[in-house]
Each structure stands twice: as structure tokens, then as C-alpha cells.
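Raw protein.cif, mmCIF, C-alpha atoms and all ligand atoms:
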data_target
#
loop_
_atom_site.label_atom_id
_atom_site.label_comp_id
_atom_site.auth_asym_id
_atom_site.auth_seq_id
_atom_site.Cartn_x
_atom_site.Cartn_y
_atom_site.Cartn_z
CA MET A 163 63.02 -190.29 -103.66
CA THR A 164 60.41 -188.36 -105.60
CA SER A 165 57.08 -190.12 -105.26
CA LEU A 166 54.74 -190.72 -108.20
CA LEU A 167 52.60 -187.90 -106.81
CA ASN A 168 55.24 -185.38 -107.87
CA ILE A 169 55.77 -186.45 -111.48
CA GLY A 170 54.64 -183.92 -114.04
CA ARG A 171 53.71 -181.30 -111.47
CA PRO A 172 53.54 -177.69 -112.68
CA ALA A 173 56.50 -175.56 -111.52
CA GLN A 174 54.18 -173.49 -109.31
CA PHE A 175 53.43 -176.44 -107.03
CA GLY A 176 55.79 -177.65 -104.33
CA LEU A 177 56.72 -181.30 -104.02
CA ARG A 178 54.88 -183.57 -101.59
CA LEU A 179 57.91 -184.99 -99.85
CA SER A 180 56.74 -185.51 -96.25
CA VAL A 181 53.57 -185.24 -94.21
CA GLU A 182 55.17 -182.53 -92.11
CA ALA A 183 56.10 -180.44 -95.16
CA VAL A 184 52.62 -180.80 -96.63
CA GLU A 185 50.76 -180.04 -93.37
CA GLU A 186 53.04 -177.46 -91.76
CA GLY A 187 55.19 -176.23 -94.62
CA ALA A 188 55.00 -172.95 -96.47
CA LEU A 189 54.45 -174.17 -100.03
CA LEU A 190 51.32 -175.03 -101.95
CA ALA A 191 51.63 -178.73 -102.81
CA PRO A 192 48.11 -179.85 -103.77
CA LYS A 193 47.11 -183.49 -104.05
CA PHE A 194 45.01 -184.41 -107.06
CA ASN A 195 43.15 -187.72 -107.18
CA ALA A 196 43.75 -190.49 -109.72
CA GLU A 197 41.69 -188.50 -112.24
CA GLY A 198 43.82 -185.39 -111.66
CA LEU A 199 41.07 -183.60 -109.73
CA ILE A 200 40.78 -181.89 -106.34
CA PRO A 201 37.43 -181.10 -104.65
CA VAL A 202 36.53 -177.45 -104.14
CA VAL A 203 33.95 -176.01 -101.78
CA THR A 204 32.93 -172.48 -102.67
CA THR A 205 31.39 -170.10 -100.16
CA ASP A 206 30.12 -166.54 -100.25
CA ALA A 207 32.99 -164.48 -98.85
CA SER A 208 30.78 -162.20 -96.79
CA SER A 209 27.90 -164.44 -95.61
CA GLY A 210 29.83 -167.71 -95.39
CA GLU A 211 27.00 -169.51 -97.20
CA VAL A 212 28.08 -172.62 -99.09
CA LEU A 213 27.43 -171.92 -102.76
CA MET A 214 28.60 -175.02 -104.57
CA MET A 215 30.87 -178.03 -104.58
CA GLY A 216 32.99 -178.52 -107.66
CA VAL A 217 36.34 -179.92 -108.71
CA MET A 218 39.49 -178.43 -110.22
CA ASN A 219 42.33 -179.92 -112.19
CA ALA A 220 45.79 -178.36 -111.97
CA GLU A 221 45.06 -175.95 -114.81
CA ALA A 222 41.81 -174.75 -113.23
CA LEU A 223 43.57 -174.14 -109.92
CA LEU A 224 46.44 -172.25 -111.56
CA ARG A 225 44.05 -170.14 -113.66
CA THR A 226 41.98 -169.34 -110.59
CA ILE A 227 45.09 -168.18 -108.73
CA ASP A 228 46.38 -166.26 -111.75
CA THR A 229 43.17 -164.44 -112.73
CA GLY A 230 41.27 -164.14 -109.44
CA GLU A 231 38.20 -165.68 -111.09
CA ALA A 232 36.94 -169.17 -110.25
CA HIS A 233 37.77 -171.86 -112.78
CA TYR A 234 36.67 -175.48 -112.34
CA TRP A 235 36.89 -178.73 -114.25
CA SER A 236 33.44 -179.77 -115.45
CA ARG A 237 33.12 -183.53 -115.16
CA SER A 238 29.79 -183.53 -116.96
CA ARG A 239 31.14 -181.52 -119.90
CA GLN A 240 34.77 -182.71 -119.64
CA CYS A 241 36.28 -179.26 -120.09
CA LEU A 242 37.88 -176.40 -118.22
CA TRP A 243 35.03 -174.28 -116.88
CA HIS A 244 35.42 -170.56 -116.22
CA LYS A 245 32.31 -170.10 -114.08
CA GLY A 246 30.06 -167.45 -115.61
CA THR A 247 31.09 -167.75 -119.25
CA THR A 248 27.49 -168.27 -120.38
CA SER A 249 25.56 -166.69 -117.53
CA GLY A 250 27.84 -163.81 -116.54
CA LEU A 251 27.56 -165.15 -112.96
CA SER A 252 31.31 -165.16 -112.46
CA GLN A 253 32.93 -165.67 -109.07
CA ARG A 254 35.58 -163.14 -107.97
CA VAL A 255 37.98 -164.82 -105.64
CA VAL A 256 38.49 -163.13 -102.28
CA GLN A 257 40.54 -165.92 -100.71
CA ILE A 258 41.73 -169.43 -101.53
CA ARG A 259 42.39 -171.84 -98.68
CA VAL A 260 43.70 -175.38 -98.70
CA ASP A 261 43.17 -177.99 -96.00
CA ASP A 262 45.91 -179.60 -93.92
CA ASP A 263 46.80 -182.47 -96.22
CA GLN A 264 46.17 -180.24 -99.26
CA ASP A 265 43.58 -182.43 -100.92
CA ALA A 266 40.65 -180.01 -100.68
CA ILE A 267 40.26 -176.37 -101.66
CA TRP A 268 38.04 -173.71 -100.10
CA LEU A 269 37.22 -170.78 -102.36
CA ARG A 270 35.73 -167.65 -100.79
CA VAL A 271 34.12 -165.61 -103.54
CA GLU A 272 31.91 -162.69 -104.44
CA VAL A 273 29.36 -163.66 -107.05
CA ALA A 274 28.47 -161.27 -109.85
CA GLY A 275 24.67 -161.05 -110.04
CA GLY A 276 24.16 -162.48 -106.55
CA ALA A 277 23.46 -166.03 -107.72
CA SER A 278 25.80 -168.95 -108.22
CA CYS A 279 23.53 -171.84 -109.10
CA HIS A 280 22.45 -172.66 -112.65
CA VAL A 281 18.98 -173.61 -111.35
CA GLY A 282 18.49 -169.94 -110.49
CA TYR A 283 19.13 -169.98 -106.76
CA ARG A 284 21.88 -168.23 -104.78
CA SER A 285 23.41 -171.47 -103.61
CA CYS A 286 23.37 -174.94 -105.14
CA PHE A 287 22.38 -176.13 -101.65
CA TYR A 288 18.91 -174.61 -101.75
CA ARG A 289 17.13 -177.62 -100.18
CA SER A 290 17.50 -179.29 -96.82
CA ILE A 291 16.66 -182.75 -95.58
CA PRO A 292 14.65 -182.74 -92.36
CA VAL A 293 16.28 -184.69 -89.55
CA GLU A 294 13.41 -186.63 -88.00
CA PRO A 295 12.20 -190.18 -87.45
CA LEU A 296 11.85 -192.04 -90.75
CA GLY A 297 8.52 -193.05 -92.27
CA GLU A 298 8.02 -195.55 -95.09
CA THR A 299 7.74 -193.00 -97.93
CA PRO A 300 10.34 -190.91 -99.83
CA ILE A 301 11.76 -188.08 -97.75
CA PRO A 302 10.44 -184.62 -98.75
CA PHE A 303 12.81 -181.63 -98.89
CA VAL A 304 12.41 -178.29 -97.21
CA PHE A 305 13.16 -175.47 -99.67
CA GLU A 306 15.54 -173.09 -97.87
CA GLU A 307 15.46 -170.66 -100.78
CA THR A 308 11.92 -170.10 -101.89
CA GLU A 309 12.52 -167.67 -104.76
CA LYS A 310 14.93 -167.90 -107.64
CA VAL A 311 17.32 -164.98 -108.10
CA PHE A 312 17.18 -165.31 -111.90
CA ASP A 313 15.29 -167.22 -114.57
CA PRO A 314 17.59 -169.97 -115.84
CA VAL A 315 15.75 -170.32 -119.15
CA ALA A 316 16.30 -166.62 -119.87
CA VAL A 317 20.00 -166.98 -119.02
CA TYR A 318 20.90 -170.41 -120.39
CA GLY A 319 18.13 -171.02 -122.92
CA ASP A 320 15.73 -173.94 -123.02
CA ALA A 321 18.22 -176.69 -122.12
CA PRO A 322 20.19 -175.23 -119.20
CA ASN A 323 21.03 -178.49 -117.51
CA PRO A 324 23.27 -181.38 -118.40
CA THR A 325 21.16 -183.97 -120.19
CA HIS A 326 22.27 -186.87 -117.99
CA LEU A 327 20.78 -187.82 -114.65
N1 LIG A 401 26.43 -173.09 -114.28
C1 LIG A 401 26.52 -174.22 -113.79
C2 LIG A 401 26.66 -174.37 -112.35
N2 LIG A 401 26.72 -173.46 -111.36
C3 LIG A 401 26.93 -174.17 -110.24
N3 LIG A 401 27.01 -175.49 -110.51
C4 LIG A 401 27.36 -176.53 -109.54
O1 LIG A 401 28.65 -177.00 -109.89
C5 LIG A 401 28.72 -178.42 -109.73
C6 LIG A 401 29.79 -178.92 -110.70
O2 LIG A 401 29.31 -178.88 -112.02
P1 LIG A 401 29.81 -179.94 -113.14
O3 LIG A 401 29.19 -179.60 -114.45
O4 LIG A 401 31.31 -179.98 -113.10
O5 LIG A 401 29.25 -181.28 -112.69
P2 LIG A 401 29.87 -182.32 -111.68
O6 LIG A 401 28.99 -182.33 -110.47
O7 LIG A 401 31.33 -182.08 -111.47
O8 LIG A 401 29.80 -183.63 -112.48
P3 LIG A 401 28.56 -184.62 -112.61
O9 LIG A 401 29.04 -185.86 -111.97
O10 LIG A 401 27.42 -183.99 -111.89
O11 LIG A 401 28.37 -184.71 -114.07
C7 LIG A 401 27.32 -178.90 -109.99
O12 LIG A 401 27.08 -180.08 -109.26
C8 LIG A 401 26.44 -177.75 -109.50
O13 LIG A 401 26.13 -177.96 -108.13
C9 LIG A 401 26.82 -175.65 -111.82
N4 LIG A 401 26.81 -176.74 -112.60
C10 LIG A 401 26.68 -176.60 -113.91
N5 LIG A 401 26.51 -175.39 -114.53
C11 LIG A 401 26.42 -175.39 -116.02
O14 LIG A 401 27.58 -174.71 -116.49
C12 LIG A 401 27.31 -174.14 -117.76
C13 LIG A 401 27.88 -172.74 -117.81
O15 LIG A 401 27.28 -171.94 -116.82
P4 LIG A 401 27.98 -170.57 -116.34
O16 LIG A 401 29.35 -170.91 -115.90
O17 LIG A 401 27.11 -170.07 -115.21
O18 LIG A 401 27.99 -169.63 -117.50
C14 LIG A 401 25.82 -174.21 -117.99
O19 LIG A 401 25.61 -175.25 -118.92
C15 LIG A 401 25.27 -174.62 -116.63
O20 LIG A 401 24.15 -175.46 -116.76
MG MG A 402 27.20 -182.87 -109.63
ZN ZN A 403 23.43 -175.31 -108.69
#
This entry written out as C-alpha cells:
Amino acid sequence: MTSLLNIGRPAQFGLRLSVEAVEEGALLAPKFNAEGLIPVVTTDASSGEVLMMGVMNAEALLRTIDTGEAHYWSRSRQCLWHKGTTSGLSQRVVQIRVDDDQDAIWLRVEVAGGASCHVGYRSCFYRSIPVEPLGETPIPFVFEETEKVFDPVAVYGDAPNPTHL
């Protein structure tokens, strides 16, 4: 019996018929969540650095495969997002991997312009949280990237960020 997971799937995706087929089989059969989204971790193909964490819907995944350029679904803007449309900081896909149960995507990319983050840094993960005994005050970050690669105001204008917190 075809499970609900397989209804309305694009022709390019295999059916999710058994755990064995999904985990050991030869066909891409991605699992999207109830909102139709799959998480995507994007790394720099040469350094391995984690650049960002986004989500794709089926269309974004198919467009990424088809064009070799990263496409995401923007939850904040509720639209298909071809990374780099405004900034030119597009991501050329070197490799796309999927995890065992096919509910997470790993994109290995080369970033045009050397930066991927709209705040101006190479990676969205430009701060770290020190692992140490807790005090009673808010935990201060360590900035792992100290200099921005580009000026976000010059690239995106005065209101580069989503307006919500
Ligand atoms: N450019 C980026 C950008 N680059 C990297 N990221 C990362 O991508 C993640 C996903 O972005 P989303 O907008 O989809 O936000 P979300 O986290 O899914 O959803 P929220 O729950 O945060 O609303 C963010 O959490 C950031 O870590 C970016 N997030 C947003 N942008 C915006 O995208 C727009 C277009 O930018 P370019 O694609 O570079 O032209 C501009 O308005 C930018 O401000
Ligand atoms: Mg976010
Ligand atoms: Zn960022």
C-alpha cells in the first residue's frame, strides 16, 4: 500500500516503501516534514566549514539538482529562495548528500564572493559559545570570525535583515 508520504510526490523522487529501500536502496526518496520541508546543512566544499542551515521544499531540492545552484525555501519570506539573487553570493553545488533515512540534506558548495552569510561573514556560524562552568549572568559569545568579508548595507541596503525577531 502506498503510504501518505508518497502522495503527490514529483516523478523524480522514489517511493518510500520500506526502511530498507530508503536506507540501502539506490533511489532518492526524500522525506519532507508536515510543512513540506527538509533541513539542509550547507558546507564549504573545500574547507568543510559549516556555512548555514536552511530548509528546502521539493521544488527547491529539484531546482538545486537541476541547476547546480543552491535553492532553499525561505520560511521568513515564504518563497523559493535562489541564494544570491540580491547579493550575488550564489552557491555552486559540488555535491549533494542525503542521510540514511533521507530526511536531511548536506550541500557541499563553492560560494561566489567567499561569503555566505547575509550579516557579512563567511559562515552563519561566526560565533561560538564557550563551554565552561556557568555563572549567573548571560553567556557571552566568542567571535570566531572577527572581520566581515563584505558590508551588508552596501550589498542589501539599509534593511538587510528580516524585520522579525
Ligand atoms: N541572504 C540571506 C542568508 N544567507 C544565509 N542565511 C541563513 O539562512 C538561514 C535561512 O534563512 P530563512 O530566511 O529561510 O530563515 P529561516 O531561518 O528558515 O526562518 P526563520 O524562522 O528564521 O524566519 C538563516 O537562518 C541564515 O542563517 C540567510 N538568511 C537570509 N538571507 C536573506 O536573503 C535575502 C536574499 O539574500 P541573497 O540570497 O544573498 O541575495 C536577503 O534579504 C537576506 O537578508
Ligand atoms: Mg533562522
Ligand atoms: Zn547568516
Can you tell me, as a count of residues only, what residues are no more than 12 Å from Gln174 in chain A when counting all atoms listed in the file, ignoring any on the same chain fewer than 5 positions away?
11
Straight-line distance linking atom O17 of ligand LIG 401 (chain A) with CA of Leu213 in chain A, stated in Å to one decimal:
12.6 Å
Write out as a tab-separated table the residues of chain A that have any atom within 9 Å of an atom of ligand ZN 403 (chain A), one row each with the nearest atom pair and its distance in Å to one decimal, counting all atoms listed in the file, sorted by chain and then rising number.
residue	atom	partner	partner_atom	distance
A:Leu213	CA	A:ZN403	ZN	7.9
A:Met214	CA	A:ZN403	ZN	6.6
A:Met215	CA	A:ZN403	ZN	8.9
A:Ser278	CA	A:ZN403	ZN	6.8
A:Cys279	CA	A:ZN403	ZN	3.5
A:His280	CA	A:ZN403	ZN	4.9
A:Val281	CA	A:ZN403	ZN	5.5
A:Gly282	CA	A:ZN403	ZN	7.5
A:Tyr283	CA	A:ZN403	ZN	7.1
A:Arg284	CA	A:ZN403	ZN	8.2
A:Ser285	CA	A:ZN403	ZN	6.4
A:Cys286	CA	A:ZN403	ZN	3.6
A:Phe287	CA	A:ZN403	ZN	7.2
A:Tyr288	CA	A:ZN403	ZN	8.3
Residues of chain A that approach ligand MG 402 (chain A) to 10 Å or less, counting only C-alpha atoms and all ligand atoms: could you list each one with the shortest pair of atoms and its distance in Å to one decimal, rows by chain and increasing residue number, as a tab-separated table?
residue	atom	partner	partner_atom	distance
A:Met214	CA	A:MG402	MG	9.4
A:Met215	CA	A:MG402	MG	7.9
A:Gly216	CA	A:MG402	MG	7.5
A:Val217	CA	A:MG402	MG	9.6
A:Ser236	CA	A:MG402	MG	9.1
A:Arg237	CA	A:MG402	MG	8.1
A:Ser238	CA	A:MG402	MG	7.8
A:Cys286	CA	A:MG402	MG	9.9
A:Pro324	CA	A:MG402	MG	9.7
A:Leu327	CA	A:MG402	MG	9.5
Option closest in space to Trp235 in chain A, from A:Ala274, A:Val255, A:Ala222, A:Ala266 [counting all atoms listed in the file]:
A:Ala222
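Each of A:Ile258, A:Asp206, A:Glu309, A:Thr299 was checked against Val271 in chain A using all atoms listed in the file; the smallest atom-to-atom distance is that of A:Asp206.
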Let me have the centre and edge lengths of the axis-aligned box enclosing all listed atoms of ligand LIG 401 (chain A) with 8 Å padding on every side, in Å to one decimal, as AutoDock Vina command-line options.
--center_x 27.7 --center_y -177.7 --center_z -113.5 --size_x 23.2 --size_y 32.2 --size_z 26.8
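In this structure, atom C12 of ligand LIG 401 (chain A) sits 11.8 Å away from CA of His233 in chain A.
The space separating CA of Asp263 in chain A from CA of Leu177 in chain A comes to 12.7 Å.
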Which residues come within 7 Å of Ala207 in chain A, counting only C-alpha atoms, excluding same-chain residues fewer than 6 positions away, as a ChimeraX atom specification?
/A:256,270-272
Which residues are close to Asp261 in chain A, i.e. within 12 Å by all atoms listed in the file, leaving aside same-chain residues fewer than 6 positions away? Reply as JSON, numbers by chain.
{"A": [184, 185, 186, 190, 191, 192, 193, 200, 201, 202, 203, 267, 268, 269]}
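Nearest-residue note for ligand LIG 401 (chain A): choosing from A:Glu298, A:Glu307, A:Glu231, A:Asp262, the minimum distance belongs to A:Glu231, counting all atoms listed in the file.
For the choices A:Val304, A:Val317, A:Val293, A:Ala183, the atom-to-atom distance to ligand LIG 401 (chain A) is smallest for A:Val317 when using only C-alpha atoms and all ligand atoms.
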Nearest to ligand LIG 401 (chain A), restricted to all atoms listed in the file and choosing among A:Phe194, A:Phe175, A:Trp243, A:Phe303, comes out as A:Trp243
Show me, as a ChimeraX atom specification, the residues that have an atom within 9 Å of Asn168 in chain A when counting all atoms listed in the file, minus same-chain residues fewer than 5 positions from it.
/A:176-179
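Minimum atom-to-atom distances from A:Asp265, A:Glu211, A:Asp320, A:Glu182 to ligand LIG 401 (chain A) were compared using only C-alpha atoms and all ligand atoms, and the lowest value belongs to A:Asp320.
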